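Everything below belongs to work.txt, which stores compact mmCIF, C-alpha atoms.
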# COMPACT_ATOMS: atom_id res chain seq x y z
CA MET A 1 -39.59 -36.90 -5.06
CA ARG A 2 -37.19 -33.97 -5.31
CA ARG A 3 -33.58 -34.97 -5.87
CA ILE A 4 -31.04 -33.80 -3.30
CA PRO A 5 -27.61 -33.41 -4.92
CA ALA A 6 -24.81 -34.43 -2.61
CA SER A 7 -21.26 -33.15 -2.63
CA VAL A 8 -20.24 -34.09 0.89
CA ILE A 9 -18.77 -37.57 1.11
CA GLY A 10 -18.38 -39.89 3.86
CA VAL A 11 -18.97 -42.29 4.94
CA ALA A 12 -9.71 -58.02 14.31
CA CYS A 13 -7.06 -67.91 23.51
CA ALA A 14 -7.93 -70.04 25.57
CA THR A 15 -11.41 -71.50 25.87
CA ALA A 16 -13.22 -70.24 28.95
CA LEU A 17 -14.99 -72.56 31.33
CA VAL A 18 -18.68 -72.97 30.58
CA LEU A 19 -20.45 -71.19 33.41
CA PRO A 20 -24.10 -71.40 34.34
CA LEU A 21 -26.04 -69.34 31.86
CA ALA A 22 -26.99 -65.93 33.17
CA PRO A 23 -30.35 -64.43 32.33
CA SER A 24 -30.12 -61.69 29.75
CA ALA A 25 -31.45 -58.20 30.13
CA VAL A 26 -33.30 -57.44 26.93
CA ALA A 27 -33.22 -53.96 25.51
CA ALA A 28 -34.55 -53.73 21.98
CA THR A 29 -33.12 -50.74 20.19
CA ALA A 30 -35.52 -48.53 18.33
CA GLY A 31 -35.34 -47.87 14.62
CA PRO A 32 -36.36 -44.61 12.97
CA GLY A 33 -40.00 -43.99 13.70
CA GLN A 34 -40.90 -47.04 15.75
CA PRO A 35 -39.46 -49.51 18.28
CA ALA A 36 -38.05 -52.86 17.26
CA GLU A 37 -40.35 -55.78 17.87
CA SER A 38 -39.86 -59.50 17.79
CA GLY A 39 -41.66 -61.49 15.11
CA THR A 40 -41.41 -61.97 11.40
CA THR A 41 -39.83 -58.57 10.79
CA GLY A 42 -36.90 -59.25 13.11
CA SER A 43 -35.58 -57.52 16.20
CA THR A 44 -32.46 -56.22 17.95
CA GLU A 45 -31.35 -57.14 21.47
CA SER A 46 -28.87 -54.69 22.97
CA LEU A 47 -26.75 -55.81 25.95
CA PRO A 48 -24.34 -53.40 27.70
CA LEU A 49 -20.85 -54.89 28.16
CA GLN A 50 -19.61 -55.21 31.74
CA PRO A 51 -16.09 -55.20 33.29
CA LEU A 52 -14.59 -58.68 33.55
CA ASP A 53 -11.45 -59.87 35.33
CA PRO A 54 -8.32 -58.26 33.80
CA ASP A 55 -6.32 -60.33 31.34
CA ARG A 56 -3.82 -62.42 33.37
CA ALA A 57 -0.94 -62.02 30.94
CA SER A 58 -1.05 -58.27 30.32
CA GLY A 59 -3.27 -56.93 33.06
CA ALA A 60 -5.29 -55.22 30.34
CA ALA A 61 -8.86 -54.24 31.01
CA THR A 62 -11.45 -56.67 29.71
CA PHE A 63 -15.10 -56.01 29.09
CA GLY A 64 -17.73 -58.45 27.97
CA LEU A 65 -20.47 -60.81 29.03
CA THR A 66 -20.32 -64.24 30.66
CA PRO A 67 -22.18 -67.08 28.90
CA ARG A 68 -25.89 -66.46 28.80
CA SER A 69 -29.10 -67.46 27.10
CA VAL A 70 -30.64 -64.86 24.80
CA ARG A 71 -33.40 -64.51 22.27
CA ASN A 72 -32.62 -66.21 18.97
CA PHE A 73 -30.31 -64.19 16.73
CA SER A 74 -28.14 -64.77 13.67
CA LEU A 75 -25.85 -61.73 13.39
CA LEU A 76 -23.96 -59.71 16.00
CA GLY A 77 -21.70 -56.72 16.44
CA VAL A 78 -20.47 -54.28 19.09
CA VAL A 79 -21.41 -50.58 19.05
CA TRP A 80 -20.38 -47.63 21.25
CA ASP A 81 -21.37 -44.01 21.76
CA ASP A 82 -18.77 -41.95 19.86
CA PRO A 83 -18.81 -42.60 16.08
CA ALA A 84 -15.29 -41.12 15.79
CA ALA A 85 -13.73 -43.35 18.47
CA GLU A 86 -11.68 -46.42 17.63
CA LEU A 87 -11.88 -49.64 19.60
CA HIS A 88 -8.23 -50.38 20.39
CA GLY A 89 -8.61 -53.99 21.36
CA GLN A 90 -9.52 -57.52 20.36
CA VAL A 91 -13.16 -58.56 20.19
CA GLN A 92 -13.93 -62.28 20.48
CA VAL A 93 -17.25 -64.07 20.69
CA ARG A 94 -18.59 -67.58 20.87
CA THR A 95 -22.19 -68.58 20.36
CA ARG A 96 -24.50 -71.50 21.06
CA GLY A 97 -26.33 -73.02 18.10
CA ALA A 98 -30.09 -72.96 18.59
CA ARG A 99 -30.55 -76.33 16.88
CA THR A 100 -27.49 -78.19 18.16
CA GLY A 101 -27.11 -76.71 21.65
CA SER A 102 -23.32 -76.72 21.09
CA TRP A 103 -20.98 -73.81 21.70
CA SER A 104 -18.75 -72.59 18.89
CA ASP A 105 -15.05 -71.87 19.16
CA TRP A 106 -14.00 -68.29 19.87
CA ARG A 107 -14.25 -66.11 16.77
CA ASP A 108 -12.68 -62.71 16.10
CA VAL A 109 -14.88 -59.75 15.20
CA GLU A 110 -13.34 -57.15 12.89
CA ALA A 111 -13.03 -54.14 15.21
CA ARG A 112 -11.70 -51.28 13.08
CA ASN A 113 -14.39 -48.61 13.12
CA ALA A 114 -12.73 -46.31 10.59
CA ASP A 115 -12.90 -49.01 7.90
CA HIS A 116 -16.66 -48.60 7.71
CA ALA A 117 -17.34 -45.25 9.35
CA ALA A 118 -20.18 -42.94 8.38
CA ASP A 119 -19.58 -39.80 6.36
CA PRO A 120 -19.39 -36.48 8.25
CA GLY A 121 -22.73 -35.24 6.98
CA THR A 122 -21.78 -31.57 7.14
CA SER A 123 -24.28 -30.64 4.42
CA GLY A 124 -27.13 -32.53 6.01
CA THR A 125 -27.04 -35.35 3.48
CA GLY A 126 -24.72 -37.76 5.25
CA GLU A 127 -25.27 -40.52 7.78
CA ARG A 128 -24.21 -38.43 10.78
CA ALA A 129 -26.83 -35.77 10.14
CA SER A 130 -29.36 -37.78 12.18
CA GLY A 131 -27.33 -37.44 15.39
CA ARG A 132 -27.90 -41.16 16.03
CA VAL A 133 -24.69 -42.53 14.52
CA ARG A 134 -22.50 -44.77 16.69
CA GLY A 135 -19.09 -46.35 16.42
CA ALA A 136 -19.20 -50.03 15.56
CA THR A 137 -17.36 -53.21 14.68
CA ALA A 138 -18.13 -55.06 11.49
CA PRO A 139 -21.13 -57.37 11.80
CA LEU A 140 -20.52 -61.12 12.15
CA TRP A 141 -22.89 -63.76 10.80
CA VAL A 142 -23.16 -66.71 13.22
CA GLY A 143 -26.36 -68.46 12.12
CA ASP A 144 -29.36 -69.28 14.30
CA SER A 145 -28.10 -68.98 17.89
CA ASP A 146 -29.60 -68.70 21.38
CA GLY A 147 -26.53 -68.24 23.60
CA VAL A 148 -23.57 -65.88 23.57
CA GLU A 149 -20.34 -65.01 25.38
CA ILE A 150 -18.12 -62.06 24.48
CA ARG A 151 -14.88 -60.47 25.64
CA VAL A 152 -13.13 -57.27 24.56
CA LEU A 153 -9.46 -57.10 25.53
CA ALA A 154 -7.90 -53.63 25.51
CA GLU A 155 -4.58 -53.15 23.73
CA SER A 156 -1.46 -52.13 25.62
CA GLY A 157 0.56 -49.16 24.43
CA GLY A 158 0.14 -48.35 20.77
CA PRO A 159 1.65 -46.38 17.87
CA GLY A 160 2.58 -42.86 18.89
CA HIS A 161 1.94 -43.46 22.57
CA THR A 162 3.92 -40.96 24.66
CA GLY A 163 3.78 -42.59 28.07
CA THR A 164 2.62 -41.22 31.41
CA ALA A 165 3.86 -38.13 33.17
CA ALA A 166 5.47 -40.18 35.95
CA GLU A 167 7.44 -42.36 33.56
CA GLY A 168 8.36 -39.69 31.09
CA PRO A 169 7.03 -39.15 27.57
CA GLY A 170 7.93 -41.81 25.07
CA SER A 171 9.58 -44.17 27.52
CA ALA A 172 9.58 -47.86 26.65
CA GLU A 173 8.21 -48.70 30.08
CA ALA A 174 5.25 -46.40 29.54
CA ALA A 175 4.43 -47.83 26.13
CA GLU A 176 4.51 -51.38 27.47
CA SER A 177 2.53 -50.77 30.65
CA THR A 178 -0.14 -48.32 29.50
CA VAL A 179 -3.46 -49.77 28.39
CA LEU A 180 -5.35 -47.87 25.73
CA PRO A 181 -8.84 -46.87 26.79
CA LEU A 182 -11.86 -48.66 25.39
CA PRO A 183 -14.69 -46.51 24.02
CA SER A 184 -17.55 -45.72 26.36
CA GLY A 185 -21.01 -47.19 26.03
CA MET A 186 -19.98 -50.50 24.48
CA ARG A 187 -22.86 -52.88 23.96
CA LEU A 188 -23.43 -56.12 22.14
CA GLU A 189 -26.07 -56.01 19.42
CA LEU A 190 -27.79 -59.31 18.67
CA ILE A 191 -29.76 -59.18 15.42
CA ASP A 192 -32.69 -61.42 14.55
CA PRO A 193 -33.19 -60.76 10.81
CA GLY A 194 -36.71 -62.18 10.88
CA GLU A 195 -38.46 -63.56 7.84
CA GLY A 196 -38.91 -60.38 5.87
CA SER A 197 -41.61 -57.75 6.02
CA ALA A 198 -44.98 -57.59 4.37
CA SER A 199 -44.49 -53.83 4.27
CA ALA A 200 -41.44 -54.09 2.01
CA ALA A 201 -42.68 -51.72 -0.67
CA GLY A 202 -41.25 -50.64 -3.98
CA THR A 203 -39.36 -52.18 -6.88
CA ALA A 204 -35.73 -52.02 -7.86
CA ASP A 205 -36.49 -49.28 -10.39
CA GLY A 206 -38.93 -47.07 -8.52
CA PRO A 207 -39.34 -47.42 -4.75
CA ALA A 208 -42.11 -45.74 -2.86
CA ASP A 209 -41.20 -42.32 -1.50
CA GLY A 210 -41.74 -41.05 2.01
CA THR A 211 -45.46 -40.49 1.42
CA GLY A 212 -46.03 -43.94 -0.04
CA VAL A 213 -46.29 -42.60 -3.60
CA ARG A 214 -44.37 -44.71 -6.09
CA ARG A 215 -41.99 -42.81 -8.30
CA LYS A 216 -42.72 -43.20 -12.00
CA GLY A 217 -39.77 -45.21 -13.16
CA ALA A 218 -36.08 -44.48 -13.38
CA VAL A 219 -34.96 -41.08 -14.58
CA THR A 220 -31.30 -41.88 -15.14
CA ARG A 221 -29.55 -39.66 -17.66
CA GLN A 222 -28.11 -42.39 -19.85
CA ARG A 223 -25.46 -41.25 -22.28
CA ALA A 224 -25.44 -42.34 -25.92
CA ASN A 225 -22.90 -45.14 -25.86
CA PRO A 226 -22.44 -48.19 -28.06
CA TYR A 227 -20.76 -50.10 -25.22
CA THR A 228 -23.60 -51.30 -23.05
CA ALA A 229 -24.22 -54.50 -21.14
CA PRO A 230 -27.43 -56.30 -20.21
CA ARG A 231 -28.83 -55.74 -16.77
CA PRO A 232 -28.12 -58.70 -14.49
CA ASP A 233 -30.84 -60.31 -12.43
CA ILE A 234 -31.09 -58.22 -9.25
CA VAL A 235 -32.85 -59.40 -6.09
CA THR A 236 -34.89 -56.41 -5.00
CA ARG A 237 -35.31 -55.09 -1.49
CA ALA A 238 -38.88 -56.39 -1.52
CA ASP A 239 -37.62 -59.84 -2.53
CA TRP A 240 -34.98 -60.05 0.21
CA GLY A 241 -37.51 -58.74 2.71
CA ALA A 242 -36.40 -55.22 3.62
CA ASP A 243 -38.49 -53.64 6.36
CA GLU A 244 -38.81 -50.17 4.85
CA SER A 245 -39.84 -48.65 8.19
CA LEU A 246 -36.24 -48.97 9.41
CA ARG A 247 -34.73 -46.52 6.93
CA GLU A 248 -35.18 -42.79 6.48
CA LYS A 249 -37.91 -42.08 3.97
CA GLY A 250 -36.12 -39.70 1.63
CA PHE A 251 -33.51 -40.53 -0.97
CA VAL A 252 -30.24 -38.71 -1.61
CA TYR A 253 -28.63 -38.76 -5.05
CA THR A 254 -25.23 -37.90 -6.44
CA ASP A 255 -24.78 -36.54 -9.98
CA GLU A 256 -23.68 -39.70 -11.76
CA VAL A 257 -21.90 -43.01 -11.31
CA GLY A 258 -18.38 -42.88 -12.71
CA ALA A 259 -16.68 -45.50 -10.56
CA ALA A 260 -17.37 -48.59 -8.46
CA PHE A 261 -15.70 -49.35 -5.12
CA VAL A 262 -15.58 -53.03 -4.17
CA HIS A 263 -15.83 -54.08 -0.52
CA HIS A 264 -16.17 -57.18 1.59
CA THR A 265 -18.63 -57.17 4.47
CA ALA A 266 -16.09 -58.81 6.86
CA SER A 267 -19.03 -60.77 8.26
CA GLY A 268 -17.49 -64.23 7.80
CA ASN A 269 -17.93 -66.90 5.15
CA ASP A 270 -20.07 -69.36 7.11
CA TYR A 271 -23.27 -68.71 5.22
CA THR A 272 -25.17 -70.60 2.57
CA CYS A 273 -26.59 -68.88 -0.48
CA GLU A 274 -30.07 -69.76 0.78
CA GLU A 275 -29.34 -67.75 3.94
CA VAL A 276 -28.32 -64.59 2.08
CA PRO A 277 -31.66 -62.74 2.34
CA SER A 278 -31.49 -63.23 6.13
CA LEU A 279 -27.86 -62.14 6.18
CA ILE A 280 -28.67 -58.95 4.28
CA ARG A 281 -31.66 -58.22 6.49
CA GLY A 282 -29.32 -58.58 9.47
CA ILE A 283 -26.74 -56.18 8.04
CA TYR A 284 -29.51 -53.73 7.10
CA ARG A 285 -30.90 -53.77 10.64
CA TYR A 286 -27.37 -53.43 12.10
CA HIS A 287 -26.62 -50.41 9.87
CA THR A 288 -29.90 -48.64 10.64
CA GLU A 289 -30.89 -49.60 14.20
CA SER A 290 -27.52 -50.32 15.79
CA MET A 291 -25.21 -47.92 13.91
CA GLY A 292 -27.81 -45.21 13.31
CA TRP A 293 -27.39 -44.90 9.53
CA ARG A 294 -30.12 -43.68 7.20
CA ASP A 295 -30.20 -46.99 5.29
CA LEU A 296 -27.99 -49.92 4.39
CA GLY A 297 -24.60 -48.50 3.44
CA TYR A 298 -23.83 -50.39 0.21
CA ASN A 299 -25.60 -49.75 -3.07
CA PHE A 300 -25.38 -53.44 -4.03
CA LEU A 301 -24.31 -56.74 -2.53
CA VAL A 302 -23.06 -59.90 -4.24
CA ASP A 303 -23.05 -63.36 -2.63
CA LYS A 304 -20.58 -66.22 -3.18
CA CYS A 305 -22.95 -67.79 -5.69
CA GLY A 306 -22.72 -64.64 -7.82
CA LYS A 307 -26.24 -63.36 -7.18
CA VAL A 308 -26.68 -59.58 -7.09
CA TYR A 309 -28.87 -57.83 -4.48
CA GLU A 310 -30.24 -54.31 -4.29
CA GLY A 311 -28.77 -52.45 -1.33
CA ARG A 312 -29.58 -48.83 -0.45
CA ALA A 313 -33.04 -47.75 -1.59
CA GLY A 314 -33.64 -45.20 -4.33
CA GLY A 315 -33.63 -47.20 -7.56
CA VAL A 316 -30.95 -49.56 -8.87
CA ALA A 317 -30.48 -47.57 -12.09
CA GLU A 318 -30.24 -44.28 -10.19
CA PRO A 319 -27.08 -42.55 -8.85
CA VAL A 320 -28.03 -43.19 -5.21
CA LEU A 321 -25.57 -41.76 -2.69
CA GLY A 322 -24.21 -44.63 -0.60
CA ALA A 323 -22.17 -44.77 2.60
CA HIS A 324 -19.35 -47.07 1.59
CA THR A 325 -16.07 -45.24 0.89
CA LEU A 326 -15.47 -42.23 3.13
CA GLY A 327 -14.19 -39.46 0.87
CA PHE A 328 -15.50 -40.90 -2.39
CA ASN A 329 -19.20 -41.64 -2.06
CA SER A 330 -20.19 -39.04 -4.65
CA HIS A 331 -20.03 -40.08 -8.30
CA SER A 332 -19.57 -43.73 -7.32
CA MET A 333 -21.34 -46.84 -6.16
CA GLY A 334 -20.40 -49.33 -3.45
CA VAL A 335 -20.53 -53.06 -4.16
CA ALA A 336 -19.98 -55.40 -1.20
CA VAL A 337 -19.16 -59.07 -1.63
CA LEU A 338 -20.68 -60.93 1.31
CA GLY A 339 -17.91 -62.56 3.34
CA THR A 340 -14.35 -62.02 4.56
CA TYR A 341 -11.58 -62.24 1.98
CA SER A 342 -8.36 -61.39 3.80
CA SER A 343 -7.13 -65.00 3.56
CA THR A 344 -9.96 -66.71 1.67
CA ASP A 345 -10.29 -66.54 -2.12
CA PRO A 346 -13.58 -65.20 -3.43
CA SER A 347 -15.49 -67.57 -5.68
CA ASP A 348 -15.30 -67.14 -9.44
CA ALA A 349 -19.06 -66.64 -9.38
CA ALA A 350 -18.75 -63.70 -6.99
CA VAL A 351 -16.11 -62.00 -9.15
CA LYS A 352 -18.28 -62.50 -12.23
CA GLY A 353 -21.27 -61.13 -10.33
CA VAL A 354 -19.33 -57.94 -9.58
CA ALA A 355 -18.29 -57.71 -13.23
CA ARG A 356 -21.83 -58.18 -14.58
CA LEU A 357 -23.20 -55.54 -12.24
CA ALA A 358 -20.41 -53.04 -12.95
CA ALA A 359 -20.67 -53.52 -16.72
CA TRP A 360 -24.39 -52.72 -16.68
CA LYS A 361 -24.46 -49.89 -14.14
CA LEU A 362 -21.37 -48.10 -15.43
CA GLY A 363 -22.61 -48.57 -18.99
CA LEU A 364 -25.68 -46.47 -18.15
CA TYR A 365 -23.28 -43.55 -17.73
CA GLY A 366 -20.99 -44.32 -20.67
CA VAL A 367 -18.14 -45.48 -18.46
CA ASP A 368 -15.54 -48.09 -19.44
CA PRO A 369 -15.05 -50.46 -16.46
CA GLY A 370 -11.52 -51.24 -17.61
CA ALA A 371 -10.40 -47.61 -17.69
CA GLU A 372 -9.12 -45.11 -15.16
CA THR A 373 -10.83 -41.97 -13.92
CA TYR A 374 -10.31 -38.99 -11.62
CA LEU A 375 -12.34 -38.38 -8.47
CA THR A 376 -11.98 -35.51 -6.02
CA SER A 377 -11.64 -36.54 -2.39
CA GLU A 378 -13.97 -35.05 0.19
CA GLY A 379 -11.49 -35.97 2.92
CA GLY A 380 -10.33 -39.18 4.54
CA ASN A 381 -7.28 -40.85 6.02
CA LEU A 382 -5.58 -41.38 2.66
CA TYR A 383 -6.36 -38.22 0.68
CA THR A 384 -7.09 -34.74 2.01
CA LYS A 385 -10.19 -32.88 0.96
CA GLY A 386 -9.88 -31.41 -2.52
CA THR A 387 -7.23 -33.85 -3.75
CA ARG A 388 -7.84 -35.01 -7.30
CA VAL A 389 -7.10 -38.72 -7.33
CA ARG A 390 -6.47 -41.02 -10.28
CA LEU A 391 -8.24 -44.33 -9.74
CA ASN A 392 -9.31 -47.42 -11.62
CA VAL A 393 -12.98 -47.21 -12.53
CA ILE A 394 -13.38 -50.46 -10.59
CA SER A 395 -11.36 -49.90 -7.43
CA GLY A 396 -11.10 -51.50 -4.04
CA HIS A 397 -12.11 -49.72 -0.84
CA ARG A 398 -8.41 -49.53 0.09
CA ASP A 399 -7.70 -47.43 -3.01
CA GLY A 400 -9.68 -44.54 -1.56
CA PHE A 401 -9.22 -45.14 2.17
CA ASN A 402 -6.48 -46.68 4.30
CA THR A 403 -8.10 -50.03 5.12
CA VAL A 404 -7.62 -53.74 4.51
CA CYS A 405 -11.04 -53.86 2.80
CA PRO A 406 -11.95 -55.64 0.52
CA GLY A 407 -9.39 -58.14 1.80
CA GLY A 408 -6.21 -59.03 -0.06
CA LYS A 409 -7.63 -62.07 -1.82
CA LEU A 410 -10.60 -60.20 -3.28
CA TYR A 411 -8.47 -57.17 -4.10
CA ASP A 412 -6.20 -59.40 -6.18
CA GLN A 413 -9.19 -60.37 -8.34
CA LEU A 414 -10.23 -56.83 -9.26
CA GLY A 415 -8.12 -56.91 -12.42
CA THR A 416 -10.14 -59.93 -13.56
CA ALA A 417 -13.36 -58.11 -12.68
CA ARG A 418 -12.30 -55.12 -14.77
CA SER A 419 -11.42 -57.12 -17.89
CA THR A 420 -14.51 -59.31 -17.56
CA ALA A 421 -16.78 -56.27 -17.17
CA ALA A 422 -15.22 -54.61 -20.21
CA GLY A 423 -15.89 -57.79 -22.15
CA TYR A 424 -19.53 -57.75 -21.09
CA GLN A 425 -19.73 -54.26 -22.58
CA GLY A 426 -18.27 -55.56 -25.86
CA ARG A 427 -14.97 -53.76 -25.53
Kindly return the structure encoded in the file as structure tokens.
Amino acid sequence: MRRIPASVIGVACATALVLPLAPSAVAATAGPGQPAESGTTGSTESLPLQPLDPDRASGAATFGLTPRSVRNFSLLGVVWDDPAAELHGQVQVRTRGARTGSWSDWRDVEARNADHAADPGTSGTGERASGRVRGATAPLWVGDSDGVEIRVLAESGGPGHTGTAAEGPGSAEAAESTVLPLPSGMRLELIDPGEGSASAAGTADGPADGTGVRRKGAVTRQRANPYTAPRPDIVTRADWGADESLREKGFVYTDEVGAAFVHHTASGNDYTCEEVPSLIRGIYRYHTESMGWRDLGYNFLVDKCGKVYEGRAGGVAEPVLGAHTLGFNSHSMGVAVLGTYSSTDPSDAAVKGVARLAAWKLGLYGVDPGAETYLTSEGGNLYTKGTRVRLNVISGHRDGFNTVCPGGKLYDQLGTARSTAAGYQGR
């Protein structure tokens, strides 16, 4: 398979009354090349959000869905038409457990689209090149469920709001009374991750290419370097059950891996380590079918038990271009810790998992995980295009982009990850 070098970078009440369950209108979204189908490979149910009664306190517009029965699902999110639009509002859901029949409390869905937006794709190598990319919330893992209710409450006013013409620009009355618009085309995506796919082809070192021909091993240009670390056990895409028909067939590579950006998936912490393959299959389907990306955005994922999983296809030892840190996807890899770590401490095992992975992968390129490096921004909300930025080799998402990711609690542990990774390399 011919390598494609890439230089373009990319890539947040009261309980409602339980009403009679409304029948759901099922619309399965299509993945690249074929429609989604129910069964062992999973499926996606897409439900357009409808206007609800305005919020009594603020009068703000509310969209959503009343309680309803749906096909079984385990992960959800909200998408909309414009990938550049922000959802200025609060997204809350509650779900009904398929086994218990009980409704959950209301849960917040992380709504900031820019935190995990696709890269611009101006050279044809990015996520937006397909023309299918949508704006989206973070995905939320809810476990096996068969009922759902959702509401999206628009924000009033906002930073920099200038008011209406009648009230005068910048007036306090205008800022308090004006409701920010919600993006058009909002719909709830309900993901059934299925049980894996028999067509999950390829290994962690040499996946099948678009014609089904397996590449002959890794061709990484490893530098002569005495500071290396053993490769950790990595759960391959085939082992976690990736349906390879969902992703684009080609692979896009950057020149090398000189840094690692650590993320959290913001998908909640209510998962067991046994459920992780299903959780990853759900995120993968959400990224490809619902958000329109070419593949899962992260190069690797780490669960709270410290296990490492292969993310984006192309070979775990290869410099695969990910879609994780808009502005700094080239010359880097994205590692996502499964969960939400704004107020919850990551497990020691997860931090060590990140360190083991970083020590090995960065060691292939002669990079010290405890050092600093320079990367050139391809543009984002923190650094303009062309800015040469000094960063830790192991950085958080927020170091390259203005975001809360990877959550304050995980971010505080990156110093430990750096020193531990350096130790694994024998430094």
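The space between atom CA of Val78 of chain A and atom CA of Arg187 of chain A spans 5.6 Å.
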ask   = Do you have the atom CA of Gly101 of chain A-atom CA of Ser278 of chain A distance handy?
value =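 Pair atom CA of Gly101 of chain A / atom CA of Ser278 of chain A returns 21.0 Å.
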query = Got a sec: who's within 12 Å of Thr420 of chain A, counting all atoms listed in the file, leaving out chain neighbours fewer than 6 positions off, as a PyMOL selection string?
reply = chain A and resi 229+348-349+351-360+368-370+394+413-414+426-427
Could you list, as a PDB file with C-alpha atoms, keeping the file's coordinate frame, every residue within 9 Å of Leu52 of chain A, counting all atoms listed in the file and ignoring same-chain residues fewer than 6 positions away?
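This is the output file part.pdb:
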ATOM      1  CA  ALA A  61      -8.860 -54.240  31.010  1.00  0.00           C
ATOM      2  CA  THR A  62     -11.450 -56.670  29.710  1.00  0.00           C
ATOM      3  CA  PHE A  63     -15.100 -56.010  29.090  1.00  0.00           C
ATOM      4  CA  GLY A  64     -17.730 -58.450  27.970  1.00  0.00           C
ATOM      5  CA  LEU A  65     -20.470 -60.810  29.030  1.00  0.00           C
ATOM      6  CA  THR A  66     -20.320 -64.240  30.660  1.00  0.00           C
ATOM      7  CA  ARG A 151     -14.880 -60.470  25.640  1.00  0.00           C
TER       8      ARG A 151
END
key: Which of A:Ala259, A:Ala422, A:Leu375, A:Val252 sits closest to Glu127 of chain A [using all atoms listed in the file]   = A:Val252
Your completed segment 185-198 of chain A with N, CA, C and O atoms, as a short mmCIF file (atom, residue, chain, number, x, y, z; two decimals), in the coordinates of the input:
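Generated file (out-v6.cif):
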data_model
loop_
_atom_site.label_atom_id
_atom_site.label_comp_id
_atom_site.auth_asym_id
_atom_site.auth_seq_id
_atom_site.Cartn_x
_atom_site.Cartn_y
_atom_site.Cartn_z
N GLY A 185 -19.69 -46.78 26.51
CA GLY A 185 -21.01 -47.19 26.03
C GLY A 185 -21.00 -48.42 25.16
O GLY A 185 -21.91 -48.59 24.33
N MET A 186 -20.01 -49.31 25.31
CA MET A 186 -19.98 -50.50 24.48
C MET A 186 -21.15 -51.42 24.81
O MET A 186 -21.45 -51.68 25.97
N ARG A 187 -21.79 -51.93 23.77
CA ARG A 187 -22.86 -52.88 23.96
C ARG A 187 -22.91 -53.86 22.80
O ARG A 187 -22.57 -53.52 21.66
N LEU A 188 -23.32 -55.05 23.13
CA LEU A 188 -23.43 -56.12 22.14
C LEU A 188 -24.80 -56.05 21.49
O LEU A 188 -25.82 -56.01 22.18
N GLU A 189 -24.82 -56.03 20.17
CA GLU A 189 -26.07 -56.01 19.42
C GLU A 189 -26.30 -57.39 18.82
O GLU A 189 -25.46 -57.91 18.08
N LEU A 190 -27.41 -57.99 19.16
CA LEU A 190 -27.79 -59.31 18.67
C LEU A 190 -28.98 -59.14 17.72
O LEU A 190 -30.06 -58.70 18.14
N ILE A 191 -28.78 -59.47 16.46
CA ILE A 191 -29.76 -59.18 15.42
C ILE A 191 -30.51 -60.45 15.01
O ILE A 191 -29.89 -61.44 14.60
N ASP A 192 -31.82 -60.40 15.15
CA ASP A 192 -32.69 -61.42 14.55
C ASP A 192 -33.21 -60.84 13.25
O ASP A 192 -33.99 -59.89 13.26
N PRO A 193 -32.77 -61.35 12.09
CA PRO A 193 -33.19 -60.76 10.81
C PRO A 193 -34.63 -61.02 10.46
O PRO A 193 -35.15 -60.39 9.52
N GLY A 194 -35.32 -61.91 11.18
CA GLY A 194 -36.71 -62.18 10.88
C GLY A 194 -36.89 -62.88 9.54
O GLY A 194 -35.94 -63.37 8.93
N GLU A 195 -38.12 -62.87 9.08
CA GLU A 195 -38.46 -63.56 7.84
C GLU A 195 -38.88 -62.60 6.74
O GLU A 195 -39.56 -62.98 5.80
N GLY A 196 -38.50 -61.36 6.86
CA GLY A 196 -38.91 -60.38 5.87
C GLY A 196 -40.12 -59.62 6.36
O GLY A 196 -40.71 -59.93 7.39
N SER A 197 -40.51 -58.62 5.60
CA SER A 197 -41.61 -57.75 6.02
C SER A 197 -42.65 -57.64 4.93
O SER A 197 -42.33 -57.42 3.77
N ALA A 198 -43.89 -57.78 5.32
CA ALA A 198 -44.98 -57.59 4.37
C ALA A 198 -45.08 -56.16 3.89
O ALA A 198 -45.70 -55.87 2.88
#
